[in-house]
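The next block is input.cif, given as mmCIF, C-alpha atoms, pLDDT in the B column; chains and numbers go by the auth columns.
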```
data_target
loop_
_atom_site.group_PDB
_atom_site.id
_atom_site.type_symbol
_atom_site.label_atom_id
_atom_site.label_comp_id
_atom_site.label_asym_id
_atom_site.label_seq_id
_atom_site.Cartn_x
_atom_site.Cartn_y
_atom_site.Cartn_z
_atom_site.B_iso_or_equiv
_atom_site.auth_seq_id
_atom_site.auth_asym_id
ATOM 1 C CA MET A 1 4.632 -34.045 5.305 92.00 1 A
ATOM 2 C CA SER A 2 5.328 -34.249 1.578 93.00 2 A
ATOM 3 C CA GLY A 3 3.758 -35.345 -1.690 94.00 3 A
ATOM 4 C CA LYS A 4 2.457 -34.018 -4.996 95.00 4 A
ATOM 5 C CA VAL A 5 -0.557 -32.089 -6.263 95.00 5 A
ATOM 6 C CA LEU A 6 -1.800 -33.247 -9.683 95.00 6 A
ATOM 7 C CA ASP A 7 -4.839 -32.810 -11.913 94.00 7 A
ATOM 8 C CA THR A 8 -7.050 -35.685 -13.085 93.00 8 A
ATOM 9 C CA LEU A 9 -4.760 -36.257 -16.085 93.00 9 A
ATOM 10 C CA GLN A 10 -1.771 -36.669 -13.744 93.00 10 A
ATOM 11 C CA TYR A 11 -0.213 -33.356 -14.804 94.00 11 A
ATOM 12 C CA PRO A 12 1.544 -31.502 -11.947 94.00 12 A
ATOM 13 C CA LEU A 13 -0.026 -28.296 -10.637 94.00 13 A
ATOM 14 C CA ALA A 14 2.751 -25.799 -9.938 92.00 14 A
ATOM 15 C CA TYR A 15 2.207 -23.050 -7.333 90.00 15 A
ATOM 16 C CA ALA A 16 -0.768 -24.789 -5.712 92.00 16 A
ATOM 17 C CA ASN A 17 -1.399 -23.718 -2.109 92.00 17 A
ATOM 18 C CA ILE A 18 -1.284 -26.091 0.864 92.00 18 A
ATOM 19 C CA LEU A 19 -2.513 -24.546 4.124 90.00 19 A
ATOM 20 C CA ALA A 20 -2.501 -26.362 7.488 90.00 20 A
ATOM 21 C CA ILE A 21 -4.406 -24.800 10.386 89.00 21 A
ATOM 22 C CA THR A 22 -4.386 -26.268 13.895 86.00 22 A
ATOM 23 C CA LYS A 23 -6.852 -25.484 16.661 76.00 23 A
ATOM 24 C CA ALA A 24 -4.055 -25.292 19.220 76.00 24 A
ATOM 25 C CA ASP A 25 -3.580 -21.683 20.351 70.00 25 A
ATOM 26 C CA ASN A 26 0.203 -21.948 20.611 71.00 26 A
ATOM 27 C CA GLN A 27 0.818 -23.293 17.083 74.00 27 A
ATOM 28 C CA GLU A 28 1.412 -21.274 13.932 79.00 28 A
ATOM 29 C CA VAL A 29 -0.334 -21.686 10.601 83.00 29 A
ATOM 30 C CA LYS A 30 1.766 -23.829 8.264 87.00 30 A
ATOM 31 C CA PHE A 31 1.935 -23.056 4.539 87.00 31 A
ATOM 32 C CA ALA A 32 3.590 -24.466 1.417 90.00 32 A
ATOM 33 C CA ILE A 33 3.576 -23.886 -2.359 91.00 33 A
ATOM 34 C CA THR A 34 4.115 -26.683 -4.864 93.00 34 A
ATOM 35 C CA GLU A 35 7.179 -26.723 -7.110 92.00 35 A
ATOM 36 C CA LYS A 36 7.067 -26.969 -10.917 91.00 36 A
ATOM 37 C CA ASP A 37 6.754 -30.757 -10.678 94.00 37 A
ATOM 38 C CA GLY A 38 3.806 -30.435 -8.279 94.00 38 A
ATOM 39 C CA SER A 39 5.808 -31.537 -5.232 94.00 39 A
ATOM 40 C CA TYR A 40 5.564 -29.905 -1.821 94.00 40 A
ATOM 41 C CA LYS A 41 7.043 -30.177 1.662 92.00 41 A
ATOM 42 C CA LEU A 42 5.200 -29.013 4.752 90.00 42 A
ATOM 43 C CA GLY A 43 6.795 -28.819 8.191 88.00 43 A
ATOM 44 C CA LEU A 44 4.227 -29.827 10.814 89.00 44 A
ATOM 45 C CA VAL A 45 4.397 -30.354 14.575 88.00 45 A
ATOM 46 C CA LYS A 46 4.107 -33.977 15.667 87.00 46 A
ATOM 47 C CA ASN A 47 1.060 -35.193 17.613 88.00 47 A
ATOM 48 C CA GLN A 48 -1.110 -32.323 16.380 89.00 48 A
ATOM 49 C CA THR A 49 -4.397 -32.309 14.471 90.00 49 A
ATOM 50 C CA TYR A 50 -4.547 -30.023 11.427 91.00 50 A
ATOM 51 C CA GLU A 51 -7.232 -28.991 8.982 91.00 51 A
ATOM 52 C CA LEU A 52 -5.437 -29.206 5.638 92.00 52 A
ATOM 53 C CA THR A 53 -6.664 -27.296 2.568 92.00 53 A
ATOM 54 C CA VAL A 54 -5.226 -27.703 -0.933 94.00 54 A
ATOM 55 C CA SER A 55 -6.315 -25.107 -3.508 92.00 55 A
ATOM 56 C CA TYR A 56 -5.494 -24.040 -7.056 91.00 56 A
ATOM 57 C CA LEU A 57 -7.191 -21.436 -9.239 86.00 57 A
ATOM 58 C CA GLY A 58 -9.749 -23.066 -11.533 86.00 58 A
ATOM 59 C CA TYR A 59 -9.886 -26.296 -9.532 91.00 59 A
ATOM 60 C CA LYS A 60 -12.021 -27.531 -6.657 91.00 60 A
ATOM 61 C CA SER A 61 -10.262 -27.261 -3.321 91.00 61 A
ATOM 62 C CA GLN A 62 -9.748 -30.270 -1.088 93.00 62 A
ATOM 63 C CA THR A 63 -9.978 -30.130 2.698 92.00 63 A
ATOM 64 C CA LEU A 64 -9.195 -32.936 5.116 91.00 64 A
ATOM 65 C CA THR A 65 -8.230 -33.423 8.738 92.00 65 A
ATOM 66 C CA ILE A 66 -4.934 -35.111 9.578 91.00 66 A
ATOM 67 C CA THR A 67 -3.217 -36.031 12.837 90.00 67 A
ATOM 68 C CA THR A 68 0.571 -36.128 12.808 89.00 68 A
ATOM 69 C CA THR A 69 2.785 -38.749 14.452 88.00 69 A
ATOM 70 C CA ASP A 70 6.533 -39.172 14.916 84.00 70 A
ATOM 71 C CA GLN A 71 6.944 -40.374 11.340 87.00 71 A
ATOM 72 C CA ASP A 72 6.929 -38.515 8.035 89.00 72 A
ATOM 73 C CA LEU A 73 3.617 -38.466 6.186 89.00 73 A
ATOM 74 C CA ILE A 74 3.339 -38.768 2.392 91.00 74 A
ATOM 75 C CA LYS A 75 0.098 -37.553 0.825 92.00 75 A
ATOM 76 C CA ASN A 76 -0.694 -36.868 -2.841 94.00 76 A
ATOM 77 C CA PHE A 77 -3.682 -34.832 -4.005 95.00 77 A
ATOM 78 C CA ILE A 78 -5.634 -34.932 -7.251 95.00 78 A
ATOM 79 C CA LEU A 79 -7.676 -31.784 -7.891 94.00 79 A
ATOM 80 C CA LYS A 80 -10.659 -31.718 -10.234 92.00 80 A
ATOM 81 C CA GLU A 81 -11.452 -28.775 -12.498 90.00 81 A
ATOM 82 C CA ASN A 82 -14.168 -26.470 -11.239 84.00 82 A
ATOM 83 C CA PRO A 83 -16.688 -25.818 -14.054 75.00 83 A
ATOM 84 C CA ASP A 84 -18.588 -23.370 -11.860 65.00 84 A
ATOM 85 C CA GLN A 85 -15.622 -21.128 -11.085 57.00 85 A
ATOM 86 C CA LEU A 86 -17.263 -18.068 -12.673 54.00 86 A
ATOM 87 C CA ASP A 87 -20.476 -18.397 -10.643 54.00 87 A
ATOM 88 C CA GLU A 88 -21.186 -16.059 -7.757 58.00 88 A
ATOM 89 C CA VAL A 89 -19.120 -16.860 -4.675 56.00 89 A
ATOM 90 C CA ASN A 90 -19.826 -15.790 -1.105 59.00 90 A
ATOM 91 C CA ILE A 91 -16.512 -15.483 0.717 55.00 91 A
ATOM 92 C CA LYS A 92 -16.806 -16.290 4.415 59.00 92 A
ATOM 93 C CA TYR A 93 -13.131 -16.706 5.150 60.00 93 A
ATOM 94 C CA ALA A 94 -10.161 -14.605 4.093 68.00 94 A
ATOM 95 C CA PRO A 95 -7.039 -16.817 3.944 77.00 95 A
ATOM 96 C CA PRO A 96 -3.989 -15.528 5.836 85.00 96 A
ATOM 97 C CA ILE A 97 -1.807 -16.251 2.788 85.00 97 A
ATOM 98 C CA THR A 98 -2.636 -15.798 -0.891 85.00 98 A
ATOM 99 C CA VAL A 99 -0.527 -16.497 -3.970 82.00 99 A
ATOM 100 C CA LYS A 100 -0.919 -14.842 -7.368 81.00 100 A
ATOM 101 C CA LYS A 101 1.749 -15.513 -9.989 75.00 101 A
ATOM 102 C CA ASP A 102 5.027 -14.254 -8.469 78.00 102 A
ATOM 103 C CA THR A 103 3.423 -12.517 -5.480 86.00 103 A
ATOM 104 C CA ILE A 104 2.799 -14.028 -2.032 88.00 104 A
ATOM 105 C CA THR A 105 0.638 -11.870 0.242 91.00 105 A
ATOM 106 C CA TYR A 106 0.614 -12.382 4.017 92.00 106 A
ATOM 107 C CA ASP A 107 -2.137 -10.939 6.184 91.00 107 A
ATOM 108 C CA VAL A 108 0.193 -10.035 9.039 90.00 108 A
ATOM 109 C CA THR A 109 -2.688 -9.475 11.482 88.00 109 A
ATOM 110 C CA LYS A 110 -3.415 -13.231 11.361 87.00 110 A
ATOM 111 C CA PHE A 111 0.086 -14.171 12.560 89.00 111 A
ATOM 112 C CA VAL A 112 1.068 -11.588 15.202 87.00 112 A
ATOM 113 C CA THR A 113 0.087 -11.559 18.878 87.00 113 A
ATOM 114 C CA GLY A 114 0.425 -7.827 19.587 85.00 114 A
ATOM 115 C CA GLU A 115 3.697 -8.219 21.486 88.00 115 A
ATOM 116 C CA GLU A 116 5.858 -7.491 18.431 89.00 116 A
ATOM 117 C CA ARG A 117 7.677 -4.118 18.483 88.00 117 A
ATOM 118 C CA LYS A 118 9.365 -3.821 15.097 87.00 118 A
ATOM 119 C CA LEU A 119 8.750 -5.200 11.622 87.00 119 A
ATOM 120 C CA ARG A 120 11.479 -7.833 12.124 88.00 120 A
ATOM 121 C CA ASP A 121 9.458 -9.358 14.975 91.00 121 A
ATOM 122 C CA ALA A 122 6.383 -9.644 12.751 91.00 122 A
ATOM 123 C CA LEU A 123 8.298 -11.038 9.757 91.00 123 A
ATOM 124 C CA LYS A 124 9.690 -13.871 11.878 90.00 124 A
ATOM 125 C CA LYS A 125 6.105 -15.081 12.456 89.00 125 A
ATOM 126 C CA LEU A 126 5.428 -15.497 8.715 89.00 126 A
ATOM 127 C CA PRO A 127 5.873 -19.001 7.234 87.00 127 A
ATOM 128 C CA GLY A 128 8.898 -19.226 4.953 85.00 128 A
ATOM 129 C CA VAL A 129 10.343 -15.866 6.086 88.00 129 A
ATOM 130 C CA GLU A 130 13.610 -15.559 8.028 89.00 130 A
ATOM 131 C CA VAL A 131 15.391 -12.505 9.442 89.00 131 A
ATOM 132 C CA ASP A 132 18.995 -12.734 10.644 88.00 132 A
ATOM 133 C CA ARG A 133 20.639 -10.603 13.329 84.00 133 A
ATOM 134 C CA ALA A 134 21.943 -8.131 10.776 82.00 134 A
ATOM 135 C CA GLY A 135 18.439 -7.479 9.437 83.00 135 A
ATOM 136 C CA ASN A 136 18.749 -9.401 6.168 87.00 136 A
ATOM 137 C CA VAL A 137 15.485 -11.009 5.050 89.00 137 A
ATOM 138 C CA MET A 138 15.258 -14.423 3.377 88.00 138 A
ATOM 139 C CA VAL A 139 12.064 -15.855 1.856 87.00 139 A
ATOM 140 C CA ASN A 140 12.077 -19.561 1.071 82.00 140 A
ATOM 141 C CA GLY A 141 15.884 -19.431 0.997 81.00 141 A
ATOM 142 C CA LYS A 142 16.097 -16.403 -1.330 84.00 142 A
ATOM 143 C CA LYS A 143 17.470 -13.041 -0.151 87.00 143 A
ATOM 144 C CA VAL A 144 15.289 -9.939 -0.319 88.00 144 A
ATOM 145 C CA THR A 145 17.120 -7.167 -2.180 85.00 145 A
ATOM 146 C CA LYS A 146 14.529 -4.374 -2.064 85.00 146 A
ATOM 147 C CA VAL A 147 12.042 -3.024 0.478 85.00 147 A
ATOM 148 C CA LEU A 148 8.985 -1.025 -0.540 86.00 148 A
ATOM 149 C CA VAL A 149 6.338 0.620 1.575 83.00 149 A
ATOM 150 C CA GLU A 150 2.987 1.181 -0.106 83.00 150 A
ATOM 151 C CA ASN A 151 4.621 0.324 -3.480 83.00 151 A
ATOM 152 C CA LYS A 152 7.340 2.974 -3.086 81.00 152 A
ATOM 153 C CA THR A 153 11.020 2.492 -2.182 80.00 153 A
ATOM 154 C CA PHE A 154 11.501 2.888 1.588 73.00 154 A
ATOM 155 C CA PHE A 155 14.331 5.424 1.839 67.00 155 A
ATOM 156 C CA THR A 156 17.274 3.550 0.231 67.00 156 A
ATOM 157 C CA GLY A 157 15.341 0.293 -0.049 64.00 157 A
ATOM 158 C CA ASN A 158 17.706 -1.318 2.466 71.00 158 A
ATOM 159 C CA SER A 159 16.015 -4.144 4.366 75.00 159 A
ATOM 160 C CA LYS A 160 17.952 -3.452 7.573 79.00 160 A
ATOM 161 C CA LEU A 161 16.556 0.066 7.955 78.00 161 A
ATOM 162 C CA ALA A 162 13.014 -1.169 7.349 79.00 162 A
ATOM 163 C CA VAL A 163 12.903 -4.314 9.481 82.00 163 A
ATOM 164 C CA ASN A 164 14.651 -2.707 12.463 81.00 164 A
ATOM 165 C CA ASN A 165 12.566 0.475 12.551 79.00 165 A
ATOM 166 C CA ILE A 166 9.073 0.183 11.034 83.00 166 A
ATOM 167 C CA PRO A 167 6.612 -0.312 13.934 84.00 167 A
ATOM 168 C CA ALA A 168 5.042 -3.769 13.851 87.00 168 A
ATOM 169 C CA ASP A 169 1.596 -2.455 14.785 87.00 169 A
ATOM 170 C CA ALA A 170 1.565 -0.252 11.656 86.00 170 A
ATOM 171 C CA VAL A 171 1.783 -3.220 9.265 88.00 171 A
ATOM 172 C CA GLU A 172 -1.350 -4.813 7.831 90.00 172 A
ATOM 173 C CA LYS A 173 -0.008 -6.949 4.977 92.00 173 A
ATOM 174 C CA VAL A 174 3.342 -8.007 3.522 91.00 174 A
ATOM 175 C CA GLU A 175 3.741 -8.803 -0.171 91.00 175 A
ATOM 176 C CA ILE A 176 6.659 -10.941 -1.352 89.00 176 A
ATOM 177 C CA LEU A 177 7.477 -9.969 -4.949 87.00 177 A
ATOM 178 C CA ASP A 178 9.583 -12.596 -6.702 83.00 178 A
ATOM 179 C CA ASN A 179 11.320 -11.815 -10.015 75.00 179 A
ATOM 180 C CA TYR A 180 10.997 -8.153 -9.083 72.00 180 A
ATOM 181 C CA ASN A 181 11.803 -5.578 -11.740 67.00 181 A
ATOM 182 C CA GLU A 182 11.678 -1.835 -11.071 59.00 182 A
ATOM 183 C CA VAL A 183 10.949 -1.038 -14.713 47.00 183 A
ATOM 184 C CA ALA A 184 7.199 -1.496 -15.131 48.00 184 A
ATOM 185 C CA MET A 185 7.515 -2.009 -18.901 41.00 185 A
ATOM 186 C CA LEU A 186 9.747 -5.053 -18.359 41.00 186 A
ATOM 187 C CA LYS A 187 7.599 -6.817 -15.781 47.00 187 A
ATOM 188 C CA GLY A 188 6.376 -10.066 -17.210 45.00 188 A
ATOM 189 C CA LEU A 189 8.763 -9.797 -20.159 40.00 189 A
ATOM 190 C CA GLN A 190 11.979 -10.946 -18.541 44.00 190 A
ATOM 191 C CA ASP A 191 13.001 -12.919 -15.480 50.00 191 A
ATOM 192 C CA SER A 192 14.774 -11.267 -12.577 54.00 192 A
ATOM 193 C CA GLU A 193 16.767 -12.736 -9.705 64.00 193 A
ATOM 194 C CA ASP A 194 15.637 -9.906 -7.425 74.00 194 A
ATOM 195 C CA MET A 195 13.109 -10.403 -4.658 83.00 195 A
ATOM 196 C CA ALA A 196 11.358 -7.512 -2.941 87.00 196 A
ATOM 197 C CA ILE A 197 8.966 -7.096 -0.043 89.00 197 A
ATOM 198 C CA ASN A 198 6.203 -4.519 -0.140 90.00 198 A
ATOM 199 C CA ILE A 199 4.851 -3.367 3.228 88.00 199 A
ATOM 200 C CA LEU A 200 1.191 -2.346 3.260 89.00 200 A
ATOM 201 C CA LEU A 201 0.280 -0.175 6.233 85.00 201 A
ATOM 202 C CA LYS A 202 -2.896 0.061 8.250 85.00 202 A
ATOM 203 C CA GLU A 203 -5.064 2.995 7.203 81.00 203 A
ATOM 204 C CA ASP A 204 -4.488 4.901 10.472 78.00 204 A
ATOM 205 C CA LYS A 205 -0.738 4.132 10.600 70.00 205 A
ATOM 206 C CA LYS A 206 0.530 5.563 7.327 65.00 206 A
ATOM 207 C CA LYS A 207 2.696 8.232 8.974 64.00 207 A
ATOM 208 C CA PHE A 208 5.345 7.518 11.570 56.00 208 A
ATOM 209 C CA VAL A 209 8.630 8.799 13.001 59.00 209 A
ATOM 210 C CA PHE A 210 11.506 6.538 14.038 56.00 210 A
ATOM 211 C CA GLY A 211 15.179 6.805 14.925 55.00 211 A
ATOM 212 C CA ASP A 212 17.352 7.556 17.963 48.00 212 A
ATOM 213 C CA ILE A 213 19.007 10.409 19.807 39.00 213 A
ATOM 214 C CA GLU A 214 22.442 9.963 21.398 39.00 214 A
ATOM 215 C CA VAL A 215 23.257 12.340 24.261 39.00 215 A
ATOM 216 C CA GLY A 216 26.532 12.647 26.208 41.00 216 A
ATOM 217 C CA ALA A 217 28.333 15.052 28.527 41.00 217 A
ATOM 218 C CA GLY A 218 31.913 15.520 29.754 41.00 218 A
ATOM 219 C CA ILE A 219 34.316 17.854 31.471 44.00 219 A
ATOM 220 C CA GLU A 220 34.704 21.542 30.647 45.00 220 A
ATOM 221 C CA GLU A 221 31.038 21.820 29.626 46.00 221 A
ATOM 222 C CA ARG A 222 31.592 19.605 26.576 44.00 222 A
ATOM 223 C CA TYR A 223 28.553 17.722 25.356 40.00 223 A
ATOM 224 C CA LEU A 224 27.353 15.533 22.508 39.00 224 A
ATOM 225 C CA LEU A 225 23.940 15.569 20.878 37.00 225 A
ATOM 226 C CA HIS A 226 23.575 13.285 17.849 39.00 226 A
ATOM 227 C CA PRO A 227 19.973 12.984 16.712 42.00 227 A
ATOM 228 C CA ASN A 228 19.187 10.611 13.848 50.00 228 A
ATOM 229 C CA LEU A 229 15.493 10.801 13.007 53.00 229 A
ATOM 230 C CA PHE A 230 13.402 9.584 10.093 58.00 230 A
ATOM 231 C CA TYR A 231 9.899 10.596 9.090 57.00 231 A
ATOM 232 C CA TYR A 232 7.779 8.525 6.728 57.00 232 A
ATOM 233 C CA SER A 233 4.503 9.393 5.041 62.00 233 A
ATOM 234 C CA PRO A 234 2.969 8.311 1.723 58.00 234 A
ATOM 235 C CA LYS A 235 4.258 11.506 0.091 60.00 235 A
ATOM 236 C CA THR A 236 7.368 12.377 2.110 56.00 236 A
ATOM 237 C CA ASN A 237 10.505 10.592 3.349 54.00 237 A
ATOM 238 C CA VAL A 238 12.745 12.786 5.516 50.00 238 A
ATOM 239 C CA ASN A 239 16.026 11.910 7.224 51.00 239 A
ATOM 240 C CA PHE A 240 17.463 14.343 9.801 48.00 240 A
ATOM 241 C CA ILE A 241 20.992 13.833 11.128 42.00 241 A
ATOM 242 C CA GLY A 242 22.466 16.450 13.446 45.00 242 A
ATOM 243 C CA GLU A 243 25.726 16.703 15.372 47.00 243 A
ATOM 244 C CA PRO A 244 26.754 19.823 17.316 46.00 244 A
#
```
Representation of the structure as structure tokens:
Amino acid sequence: MSGKVLDTLQYPLAYANILAITKADNQEVKFAITEKDGSYKLGLVKNQTYELTVSYLGYKSQTLTITTTDQDLIKNFILKENPDQLDEVNIKYAPPITVKKDTITYDVTKFVTGEERKLRDALKKLPGVEVDRAGNVMVNGKKVTKVLVENKTFFTGNSKLAVNNIPADAVEKVEILDNYNEVAMLKGLQDSEDMAINILLKEDKKKFVFGDIEVGAGIEERYLLHPNLFYYSPKTNVNFIGEP
């Protein structure tokens, strides 16, 4: 499915959200963000019924039900300004994905099934996120160059260490930070090609130990013990490597 999101004056609305939710238990939530020209592309499963919601800050959202076929669907949306946007709002539904400027936030609990072991398994369930065998993370075709946990660099910031070791059940939300800049004073002042992910942990899962221990034995009472353990907490990152 593709098309454009415009305002009533036919100006494109960049970074508008398109969310498609199906009632089928075995189908994932589909999500897209419009480009600078207001265009979007949304990959849907054929012969499925979706509730489609198009939203943009300051404009009235549109919701409609569509049923897919074997052919591509083209649908344009025109959003009207919302003059009552500052009135009191009662929120009954927390969207699984939110977008604010250069930050996409995924509520990971809405996408996982509980069978995921490591962070990589959970990331693969998020729309637009890919993880290769080596542990490199791509978001909408752009490589992640930095990994944070609770807004702090996770050990070296290497994505492989994070995605292959952080327990999936400890993760509550994942923030995708585009145009990431480590210098706070420069944020918003200059563009950056860097993309980072920030892992937000569940309140009761903010401390964990991970790693492996390699043990071996041989003739003449020779042995090998090679522990490689990591400990993470909001205040402390410890790496222990030992080899007798």
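What separates atom CA of A:Asp194 from atom CA of A:Gly141 is a distance of 12.7 Å.
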May I have a table of the residues of stretch 95-118 of chain A lying at most 12 Å from stretch 40-56 of chain A, giving each one's closest pair of atoms and their distance in Å to one decimal, counting all atoms listed in the file, ordered by chain and ascending residue number, as a Markdown table?
```
| residue | atom | partner | partner_atom | distance |
| --- | --- | --- | --- | --- |
| A:Pro95 | CA | A:Thr53 | CA | 10.6 |
| A:Ile97 | CA | A:Ser55 | CA | 11.8 |
| A:Thr98 | CA | A:Ser55 | CA | 10.3 |
| A:Val99 | CA | A:Tyr56 | CA | 9.5 |
| A:Lys100 | CA | A:Tyr56 | CA | 10.3 |
| A:Lys101 | CA | A:Tyr56 | CA | 11.6 |
```
Practice item. Step by step, work through what the PyMOL selection byres ((chain A and resi 197-206) around 7) selects in the shown file, and finish by giving those residues as a VMD selection string. Key: chain A and resid 144 146 to 151 170 to 177 196 207 to 208 233 to 234
Check your understanding: Between atom CA of A:Gly135 and atom CA of A:Lys160, what is the distance, to one decimal in Å?
Key -> 4.5 Å
Shell of 12 Å around A:Lys110, only C-alpha atoms, local chain residues under 3 positions omitted, as an mmCIF file with C-alpha atoms, in the frame of the given file:
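Okay, part_14.cif is ready:
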```cif
data_model
loop_
_atom_site.group_PDB
_atom_site.id
_atom_site.type_symbol
_atom_site.label_atom_id
_atom_site.label_comp_id
_atom_site.auth_asym_id
_atom_site.auth_seq_id
_atom_site.Cartn_x
_atom_site.Cartn_y
_atom_site.Cartn_z
ATOM 1 C CA ILE A 21 -4.406 -24.800 10.386
ATOM 2 C CA GLU A 28 1.412 -21.274 13.932
ATOM 3 C CA VAL A 29 -0.334 -21.686 10.601
ATOM 4 C CA ALA A 94 -10.161 -14.605 4.093
ATOM 5 C CA PRO A 95 -7.039 -16.817 3.944
ATOM 6 C CA PRO A 96 -3.989 -15.528 5.836
ATOM 7 C CA ILE A 97 -1.807 -16.251 2.788
ATOM 8 C CA THR A 105 0.638 -11.870 0.242
ATOM 9 C CA TYR A 106 0.614 -12.382 4.017
ATOM 10 C CA ASP A 107 -2.137 -10.939 6.184
ATOM 11 C CA THR A 113 0.087 -11.559 18.878
ATOM 12 C CA GLY A 114 0.425 -7.827 19.587
ATOM 13 C CA ALA A 122 6.383 -9.644 12.751
ATOM 14 C CA LYS A 125 6.105 -15.081 12.456
ATOM 15 C CA LEU A 126 5.428 -15.497 8.715
ATOM 16 C CA PRO A 127 5.873 -19.001 7.234
ATOM 17 C CA VAL A 171 1.783 -3.220 9.265
ATOM 18 C CA GLU A 172 -1.350 -4.813 7.831
ATOM 19 C CA LYS A 173 -0.008 -6.949 4.977
ATOM 20 C CA VAL A 174 3.342 -8.007 3.522
#
```
Point to revise | Hits of the PyMOL selection byres ((chain A and resi 71-81) around 6) in this structure, as a PyMOL selection string | key: chain A and resi 1-7+59-60+69-70+82
Exercise for review: In Å, rounded to a single decimal, give me how far atom CA of A:Val112 is from atom CA of A:Thr65.
Suggested key: 24.6 Å
Exercise for review: Rank A:Asn17, A:Gln10, A:Met195, A:Asp121 by their smallest atom-to-atom distance to A:Gln62, using only C-alpha atoms, and report the top residue only.
Suggested key: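 Of all the options, A:Asn17 lies closest to A:Gln62.
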Revision key, fill the gap. Nearest to A:Ala162, restricted to all atoms listed in the file and choosing among A:Thr145, A:Gly58, A:Pro12, A:Lys23, comes out as A:Thr145
Could you work out an axis-aligned bounding box for all listed atoms of stretch 25-37 of chain A, with 4 Å added on each of the six sides, and give its centre and edge lengths in Å to one decimal, as JSON?
```
{"center_x": 1.8, "center_y": -26.0, "center_z": 4.8, "size_x": 18.8, "size_y": 17.5, "size_z": 39.5}
```
Exercise for review: Please evaluate the PyMOL selection byres ((chain A and resi 140) around 8) against the displayed coordinates and give the resulting residues as a VMD selection string.
Suggested key: chain A and resid 128 to 129 138 to 139 141 to 142
Exercise for review: Counting all atoms listed in the file, figure out which residue out of A:Ala16, A:Leu57, A:Leu119, A:Ile104 gets nearest to A:Ser39.
Suggested key: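 Closest to A:Ser39 of all the choices is A:Ala16.
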